[in-house]
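Pasting data.txt here (compact mmCIF, C-alpha atoms):
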```txt
# COMPACT_ATOMS: atom_id res chain seq x y z
CA MET A 1 12.15 7.52 30.25
CA PRO A 2 14.15 6.00 27.36
CA SER A 3 12.02 4.68 24.51
CA LEU A 4 12.19 1.33 22.74
CA LYS A 5 13.84 1.35 19.32
CA THR A 6 11.14 0.08 16.98
CA LEU A 7 11.13 -1.55 13.53
CA ILE A 8 8.20 -2.11 11.17
CA LEU A 9 8.60 -5.29 9.10
CA HIS A 10 5.72 -5.55 6.65
CA PRO A 11 5.36 -5.76 2.83
CA ASP A 12 2.25 -3.54 2.69
CA ALA A 13 2.92 0.22 2.54
CA GLU A 14 -0.58 1.03 3.83
CA VAL A 15 -0.06 -1.14 6.92
CA ARG A 16 3.31 0.47 7.59
CA SER A 17 1.75 3.92 7.22
CA PHE A 18 -1.09 3.03 9.64
CA ILE A 19 1.37 1.80 12.27
CA ARG A 20 3.52 4.91 11.90
CA GLN A 21 0.52 7.15 12.43
CA SER A 22 -0.71 5.06 15.37
CA LEU A 23 2.68 5.36 17.09
CA ARG A 24 2.94 9.12 16.73
CA GLY A 25 3.02 10.69 20.16
CA VAL A 26 3.62 7.33 21.90
CA GLY A 27 6.68 8.13 23.98
CA VAL A 28 7.49 4.52 24.83
CA VAL A 29 8.51 3.73 21.23
CA ARG A 30 11.02 5.35 18.88
CA LEU A 31 10.58 4.31 15.25
CA LEU A 32 14.00 3.61 13.75
CA GLY A 33 13.42 1.83 10.48
CA GLU A 34 11.19 -0.08 8.12
CA THR A 35 11.80 -2.97 5.77
CA VAL A 36 9.76 -5.37 3.65
CA ILE A 37 12.05 -8.44 3.86
CA ALA A 38 12.56 -10.52 7.03
CA ASP A 39 16.16 -11.45 6.19
CA GLU A 40 17.06 -7.75 6.05
CA ALA A 41 15.29 -7.16 9.36
CA LEU A 42 17.62 -9.69 11.00
CA ASP A 43 20.64 -7.75 9.75
CA MET A 44 19.11 -4.46 10.89
CA HIS A 45 18.44 -5.90 14.35
CA LYS A 46 22.07 -6.97 14.66
CA GLU A 47 23.15 -3.39 13.93
CA VAL A 48 20.48 -1.46 15.85
CA GLY A 49 19.30 -3.78 18.62
CA TYR A 50 15.55 -3.19 18.40
CA GLY A 51 13.26 -3.40 21.41
CA ILE A 52 9.99 -3.81 19.48
CA ILE A 53 9.36 -5.22 16.00
CA PHE A 54 5.97 -5.14 14.27
CA VAL A 55 6.10 -8.16 11.96
CA ALA A 56 3.86 -9.58 9.23
CA LEU A 57 3.24 -13.30 8.93
CA ASN A 58 3.88 -13.65 5.19
CA PHE A 59 6.26 -12.02 2.72
CA PRO A 60 6.65 -12.20 -1.08
CA GLU A 61 10.12 -13.70 -0.65
CA GLY A 62 12.42 -15.09 2.04
CA MET A 63 11.42 -16.38 5.46
CA SER A 64 7.98 -15.98 7.02
CA GLY A 65 7.16 -14.00 10.15
CA ILE A 66 7.13 -17.19 12.26
CA GLU A 67 10.51 -18.23 10.84
CA PHE A 68 11.79 -14.73 11.58
CA ALA A 69 10.69 -15.09 15.22
CA GLN A 70 12.39 -18.49 15.42
CA ALA A 71 15.60 -17.00 14.00
CA LEU A 72 15.55 -14.39 16.77
CA GLY A 73 15.28 -17.08 19.40
CA SER A 74 18.99 -17.03 20.20
CA SER A 75 19.32 -13.23 20.30
CA LYS A 76 21.00 -11.91 23.44
CA HIS A 77 18.59 -8.96 23.52
CA LYS A 78 15.47 -10.51 22.00
CA PRO A 79 12.98 -7.84 20.92
CA GLY A 80 9.29 -7.92 21.66
CA LEU A 81 7.36 -9.07 18.59
CA ILE A 82 3.94 -7.77 17.63
CA PHE A 83 2.51 -10.00 14.92
CA ILE A 84 0.11 -8.60 12.31
CA ALA A 85 -2.29 -11.21 10.92
CA GLU A 86 -5.52 -11.56 8.98
CA ASP A 87 -6.99 -14.14 11.39
CA GLU A 88 -6.27 -16.12 14.58
CA THR A 89 -4.83 -19.16 12.79
CA THR A 90 -1.25 -18.71 14.01
CA ALA A 91 -1.97 -16.88 17.28
CA TYR A 92 -1.10 -19.85 19.50
CA GLN A 93 2.20 -20.42 17.69
CA ALA A 94 3.04 -16.71 17.90
CA PHE A 95 2.50 -16.54 21.67
CA GLU A 96 4.45 -19.77 22.08
CA LEU A 97 7.35 -17.86 20.51
CA GLY A 98 6.94 -15.10 23.11
CA ALA A 99 4.88 -12.57 21.15
CA VAL A 100 4.08 -9.34 22.99
CA ASP A 101 0.87 -9.01 21.00
CA TYR A 102 -1.03 -10.47 18.04
CA LEU A 103 -3.02 -7.94 16.01
CA ILE A 104 -5.87 -8.97 13.70
CA TRP A 105 -5.72 -6.47 10.84
CA PRO A 106 -7.10 -3.86 10.70
CA PRO A 107 -7.33 -3.00 14.43
CA ASP A 108 -9.46 -0.15 15.74
CA GLU A 109 -8.21 2.67 17.97
CA GLU A 110 -9.14 0.87 21.19
CA ARG A 111 -7.27 -2.27 20.12
CA MET A 112 -4.13 -0.26 19.26
CA ALA A 113 -4.30 1.32 22.73
CA LYS A 114 -4.13 -2.20 24.22
CA THR A 115 -1.05 -2.89 22.09
CA VAL A 116 0.64 0.20 23.54
CA GLU A 117 -0.23 -1.03 27.07
CA ARG A 118 1.40 -4.38 26.32
CA ILE A 119 4.50 -2.61 24.98
CA LEU A 120 4.68 -0.67 28.27
CA ARG A 121 4.53 -3.89 30.27
CA PHE A 122 7.19 -5.46 28.04
CA LYS A 123 9.46 -2.44 28.47
CA SER A 124 9.45 -2.78 32.23
CA HIS A 125 11.67 -5.88 31.99
CA PHE A 126 13.45 -5.34 28.67
CA ARG A 127 17.09 -4.28 28.62
CA GLU A 128 18.05 -2.55 25.38
CA VAL A 129 21.43 -2.75 23.72
CA PRO A 130 23.35 0.40 24.79
CA GLU A 131 23.60 3.22 22.26
CA PRO A 132 27.08 3.73 20.75
CA SER A 133 28.92 6.55 22.53
CA ASP A 134 30.50 7.98 19.40
CA TRP A 135 30.89 7.48 15.65
CA LYS A 136 32.78 4.41 14.51
CA GLU A 137 34.27 3.54 11.17
CA SER A 138 33.22 0.14 9.85
CA GLY A 139 33.07 -1.72 6.59
CA SER A 140 29.38 -0.89 6.31
CA GLY A 141 29.49 2.85 6.86
CA VAL A 142 29.77 5.32 9.72
CA GLU A 143 27.51 5.07 12.76
CA THR A 144 25.96 8.46 13.44
CA GLY A 145 25.35 10.19 16.76
CA GLU A 146 22.25 12.22 17.67
CA GLU A 147 21.94 15.31 15.48
CA THR A 148 19.20 17.58 14.16
CA LEU A 149 19.44 19.45 10.85
CA GLN A 150 17.07 22.43 10.67
CA LEU A 151 16.29 23.32 7.07
CA PRO A 152 14.49 26.56 6.16
CA LEU A 153 11.88 26.30 3.42
CA GLU A 154 10.91 29.16 1.12
CA GLU A 155 7.20 29.77 0.43
CA ASP A 156 7.17 27.97 -2.91
CA GLU A 157 9.27 25.12 -1.50
CA GLN A 158 6.71 24.58 1.28
CA ASP A 159 3.93 24.29 -1.31
CA ARG A 160 5.87 21.71 -3.33
CA PHE A 161 6.79 19.81 -0.16
CA LEU A 162 3.18 19.62 1.03
CA ALA A 163 2.03 18.46 -2.39
CA ALA A 164 4.63 15.68 -2.35
CA LEU A 165 3.72 14.77 1.23
CA LYS A 166 0.03 14.49 0.32
CA GLN A 167 0.85 12.14 -2.55
CA ALA A 168 3.19 10.04 -0.37
CA TRP A 169 0.60 9.64 2.41
CA ASP A 170 -2.41 9.07 0.18
CA SER A 171 -3.69 5.73 1.47
CA SER A 172 -5.88 5.30 -1.63
CA GLN A 173 -2.81 4.62 -3.73
CA THR A 174 -1.80 0.99 -4.06
CA ARG A 175 1.90 0.25 -4.23
CA GLN A 176 3.83 -2.95 -4.68
CA PRO A 177 6.43 -3.77 -1.99
CA GLU A 178 9.67 -2.00 -2.79
CA ILE A 179 12.69 -4.26 -3.15
CA GLU A 180 14.90 -1.79 -5.02
CA LYS A 181 18.33 -1.20 -3.53
CA LEU A 182 21.05 1.41 -3.94
CA PRO A 183 24.55 0.00 -4.60
CA VAL A 184 27.24 1.71 -2.52
CA ASN A 185 30.93 0.86 -2.74
CA GLN A 186 32.56 0.71 0.72
CA ASP A 187 36.23 -0.24 0.99
CA GLY A 188 36.05 -2.50 -2.04
CA ARG A 189 32.76 -4.10 -0.94
CA MET A 190 29.50 -3.45 -2.77
CA MET A 191 26.78 -2.70 -0.21
CA LEU A 192 23.13 -2.85 -1.33
CA ILE A 193 20.96 -0.45 0.70
CA PRO A 194 17.16 -0.91 0.32
CA TYR A 195 15.38 2.32 -0.52
CA THR A 196 13.02 1.67 2.41
CA GLN A 197 15.96 2.02 4.84
CA ILE A 198 17.20 5.36 3.50
CA ILE A 199 16.02 8.31 5.62
CA PHE A 200 17.68 11.10 3.63
CA VAL A 201 20.53 11.83 1.23
CA GLU A 202 22.95 14.70 1.81
CA ALA A 203 25.07 16.35 -0.90
CA PHE A 204 28.80 16.50 -0.17
CA GLU A 205 30.95 18.23 -2.80
CA ASP A 206 30.75 15.94 -5.87
CA TYR A 207 29.52 13.02 -3.76
CA SER A 208 26.59 12.21 -1.46
CA TYR A 209 26.05 10.77 2.00
CA VAL A 210 23.22 8.24 2.26
CA HIS A 211 21.77 8.22 5.80
CA THR A 212 19.97 5.22 7.32
CA ALA A 213 18.63 4.95 10.89
CA THR A 214 22.08 4.34 12.40
CA GLN A 215 24.71 4.88 9.71
CA LYS A 216 25.76 7.05 6.80
CA PHE A 217 27.48 5.90 3.62
CA LEU A 218 29.65 8.05 1.38
CA THR A 219 28.71 7.36 -2.26
CA SER A 220 30.06 8.46 -5.62
CA HIS A 221 26.53 9.43 -6.73
CA ARG A 222 25.70 13.12 -7.16
CA LEU A 223 22.56 14.29 -5.41
CA LYS A 224 20.89 15.19 -8.72
CA ALA A 225 21.36 11.64 -10.00
CA LEU A 226 19.96 10.17 -6.79
CA GLU A 227 17.01 12.57 -6.95
CA GLU A 228 16.08 11.26 -10.40
CA ARG A 229 16.47 7.69 -9.22
CA LEU A 230 14.63 7.97 -5.90
CA GLU A 231 11.90 10.53 -6.62
CA PRO A 232 9.45 7.85 -7.92
CA HIS A 233 9.89 6.09 -4.55
CA ARG A 234 8.51 8.93 -2.39
CA PHE A 235 11.70 10.92 -2.00
CA PHE A 236 11.51 14.72 -2.15
CA ARG A 237 14.21 17.36 -2.63
CA VAL A 238 13.54 19.67 0.33
CA HIS A 239 16.75 21.68 -0.06
CA ARG A 240 19.57 22.06 -2.55
CA LYS A 241 21.63 19.73 -0.34
CA TYR A 242 19.02 17.31 0.99
CA LEU A 243 16.75 14.61 -0.45
CA VAL A 244 14.25 13.20 2.09
CA ASN A 245 12.33 9.92 2.17
CA LEU A 246 8.75 11.08 2.82
CA GLU A 247 7.92 7.68 4.35
CA MET A 248 10.36 8.61 7.14
CA VAL A 249 8.56 11.80 8.21
CA THR A 250 7.43 10.43 11.57
CA GLU A 251 6.88 13.36 13.95
CA ILE A 252 4.93 16.61 14.04
CA ALA A 253 5.85 19.22 16.66
CA SER A 254 4.03 22.43 17.54
CA LEU A 255 6.06 25.64 17.51
CA PRO A 256 5.40 29.11 18.94
CA GLY A 257 3.11 31.21 16.77
CA SER A 258 0.83 28.27 15.84
CA ASN A 259 3.41 26.89 13.39
CA PHE A 260 4.40 23.26 12.94
CA MET A 261 7.66 21.37 12.45
CA LEU A 262 7.88 18.02 10.67
CA ARG A 263 10.75 15.72 11.64
CA THR A 264 12.20 12.58 10.08
CA ALA A 265 13.17 9.40 11.92
CA GLY A 266 16.76 8.36 12.67
CA ARG A 267 19.58 9.65 14.81
CA THR A 268 20.27 12.49 12.42
CA ARG A 269 16.88 14.17 12.05
CA ILE A 270 15.73 16.60 9.38
CA GLU A 271 13.45 19.38 10.65
CA LEU A 272 11.14 21.07 8.14
CA PRO A 273 9.14 24.14 9.20
CA ILE A 274 5.60 24.67 7.92
CA SER A 275 4.28 28.25 8.13
CA ARG A 276 0.98 29.29 9.73
CA ARG A 277 -0.75 29.93 6.41
CA ARG A 278 -0.19 26.31 5.36
CA ILE A 279 -1.36 24.64 8.58
CA ALA A 280 -4.89 24.06 7.23
CA LYS A 281 -3.44 22.25 4.21
CA LEU A 282 -1.12 20.21 6.42
CA LYS A 283 -4.01 19.17 8.71
CA GLN A 284 -6.04 18.14 5.66
CA ILE A 285 -3.17 15.95 4.43
CA LEU A 286 -2.75 14.33 7.85
CA GLY A 287 -6.49 13.95 8.51
CA MET A 288 -6.27 16.09 11.65
```

Show me the file's structure as structure tokens.
Amino acid sequence: MPSLKTLILHPDAEVRSFIRQSLRGVGVVRLLGETVIADEALDMHKEVGYGIIFVALNFPEGMSGIEFAQALGSSKHKPGLIFIAEDETTAYQAFELGAVDYLIWPPDEERMAKTVERILRFKSHFREVPEPSDWKESGSGVETGEETLQLPLEEDEQDRFLAALKQAWDSSQTRQPEIEKLPVNQDGRMMLIPYTQIIFVEAFEDYSYVHTATQKFLTSHRLKALEERLEPHRFFRVHRKYLVNLEMVTEIASLPGSNFMLRTAGRTRIELPISRRRIAKLKQILGM
């Protein structure tokens, strides 16, 4: 059964992390992006055609969650909205706008299970925008087809990766909403790509490809320069050719021999093997 393309729109990194973890293993949803600004979410929806959007009520800048829902009112394929709120104050208004659910934060496990049930009911009558059949050139990059990149990790690289993953997923750390963007020149136009939308960066000769959920952009930046720029924002160099956004590690798969594989989000996925001797450390990081 095809899954609903899903976006998380929230300024709080801890909330986004909680939702990501709650959606792991839920086959009805496919997480394809995060952002902290509602205006950017509208642009992302036009490109991707999301089926479900988790949305906050208030943001540091730009439109509110209610205004975002109103702006989506004329969408041909209107997504199901799951509002995240601190109290019931705007619940009536949210459901008047067709909300699939209204979550009082933080929800417990039983309440999240009800949200998944409501997503299932919504999916039964939702028609998603068809996936593109091939890559297309456009002024804003190249749309990418389904692809998986399997990257081997040496013993010492696995240790460094797990250490970086632990730091990235440490919920005790408080972080301000990221609004930094990477400038990319495309056909004479300067595109500004939020760091939160970058899944990974791939070295290409003296240049780099920046991959988002649906597109890749050829940039004049060398991978080393982007590593220095993005490392403070939870990016990790997993390979000499690849720099991965640790916030986009969204899936854990079991492999033969009691090993694990971590995968990133997006159409082009990065697969990172974790050996048996490091499984205990991985489970500790993930709270398993």

- Message: Report as a VMD selection string all protein, DNA and RNA residues lying within 9 Å of Ile252 (chain A), evaluated on all atoms listed in the file, omitting residues in the same chain fewer than 3 positions from it.
- Response: chain A and resid 24 to 25 249 260 to 263

Using all atoms listed in the file, determine which residues lie at most 12 Å from Leu72 (chain A), disregarding the query and same-chain residues fewer than 3 positions distant; provide the list as a PDB file with C-alpha atoms, keeping the file's coordinate frame.
```
ATOM      1  CA  ALA A  38      12.560 -10.520   7.030  1.00  0.00           C
ATOM      2  CA  ASP A  39      16.160 -11.450   6.190  1.00  0.00           C
ATOM      3  CA  ALA A  41      15.290  -7.160   9.360  1.00  0.00           C
ATOM      4  CA  LEU A  42      17.620  -9.690  11.000  1.00  0.00           C
ATOM      5  CA  ASP A  43      20.640  -7.750   9.750  1.00  0.00           C
ATOM      6  CA  HIS A  45      18.440  -5.900  14.350  1.00  0.00           C
ATOM      7  CA  LYS A  46      22.070  -6.970  14.660  1.00  0.00           C
ATOM      8  CA  GLY A  49      19.300  -3.780  18.620  1.00  0.00           C
ATOM      9  CA  TYR A  50      15.550  -3.190  18.400  1.00  0.00           C
ATOM     10  CA  ILE A  53       9.360  -5.220  16.000  1.00  0.00           C
ATOM     11  CA  GLY A  65       7.160 -14.000  10.150  1.00  0.00           C
ATOM     12  CA  ILE A  66       7.130 -17.190  12.260  1.00  0.00           C
ATOM     13  CA  GLU A  67      10.510 -18.230  10.840  1.00  0.00           C
ATOM     14  CA  PHE A  68      11.790 -14.730  11.580  1.00  0.00           C
ATOM     15  CA  ALA A  69      10.690 -15.090  15.220  1.00  0.00           C
ATOM     16  CA  SER A  75      19.320 -13.230  20.300  1.00  0.00           C
ATOM     17  CA  LYS A  76      21.000 -11.910  23.440  1.00  0.00           C
ATOM     18  CA  HIS A  77      18.590  -8.960  23.520  1.00  0.00           C
ATOM     19  CA  LYS A  78      15.470 -10.510  22.000  1.00  0.00           C
ATOM     20  CA  PRO A  79      12.980  -7.840  20.920  1.00  0.00           C
ATOM     21  CA  GLY A  80       9.290  -7.920  21.660  1.00  0.00           C
ATOM     22  CA  LEU A  81       7.360  -9.070  18.590  1.00  0.00           C
ATOM     23  CA  LEU A  97       7.350 -17.860  20.510  1.00  0.00           C
ATOM     24  CA  GLY A  98       6.940 -15.100  23.110  1.00  0.00           C
ATOM     25  CA  ALA A  99       4.880 -12.570  21.150  1.00  0.00           C
TER      26      ALA A  99
END
```

- Message: Quick one: residues within 8 Å of region 187-199 of chain A, all atoms listed in the file, excluding same-chain residues fewer than 2 positions away - as a list in words?
- Response: Gly33, Glu34, Thr35, Val36, Gly139, Ser140, Glu178, Ile179, Glu180, Lys181, Leu182, Pro183, Val184, Asn185, Val201, Val210, His211, Thr212, Ala213, Leu230, His233, Val244, Asn245, Met248, Thr264, Ala265 and Gly266 of chain A

- Expected answer as a list in words: all residues with atoms within 12 Å of (28.7, 11.7, -4.7), only C-alpha atoms: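 Output: Val184, Asn185, Val201, Glu202, Ala203, Phe204, Glu205, Asp206, Tyr207, Ser208, Tyr209, Val210, Phe217, Leu218, Thr219, Ser220, His221, Arg222, Leu223, Lys224, Ala225, Leu226, Glu227 and Lys241 of chain A.
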
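Taking CA of Ile270 (chain A) and CA of Ala113 (chain A) as the two end points, the separation is 28.5 Å.
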
- Item | Between CA of Arg20 (chain A) and CA of Arg269 (chain A) - distance in Å to one decimal |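 Atom-to-atom, CA of Arg269 (chain A) and CA of Arg20 (chain A) are spaced 16.3 Å apart.
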
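Remark: for Ser22 (chain A), the closest of the candidate residues A:Arg121, A:Arg229, A:His10, A:Arg111 is A:Arg111 (distances computed over all atoms listed in the file).
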
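Computed from the coordinates, the CA of Glu109 (chain A) to CA of Arg30 (chain A) distance equals 19.4 Å.
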
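Residues in contact with Ser64 (chain A) at 10 Å, where all atoms listed in the file are counted and same-chain residues fewer than 6 positions away are skipped, are listed as Ile37, Ala38, Asp39, Val55, Ala56, Leu57, Asn58 and Gln70 of chain A.
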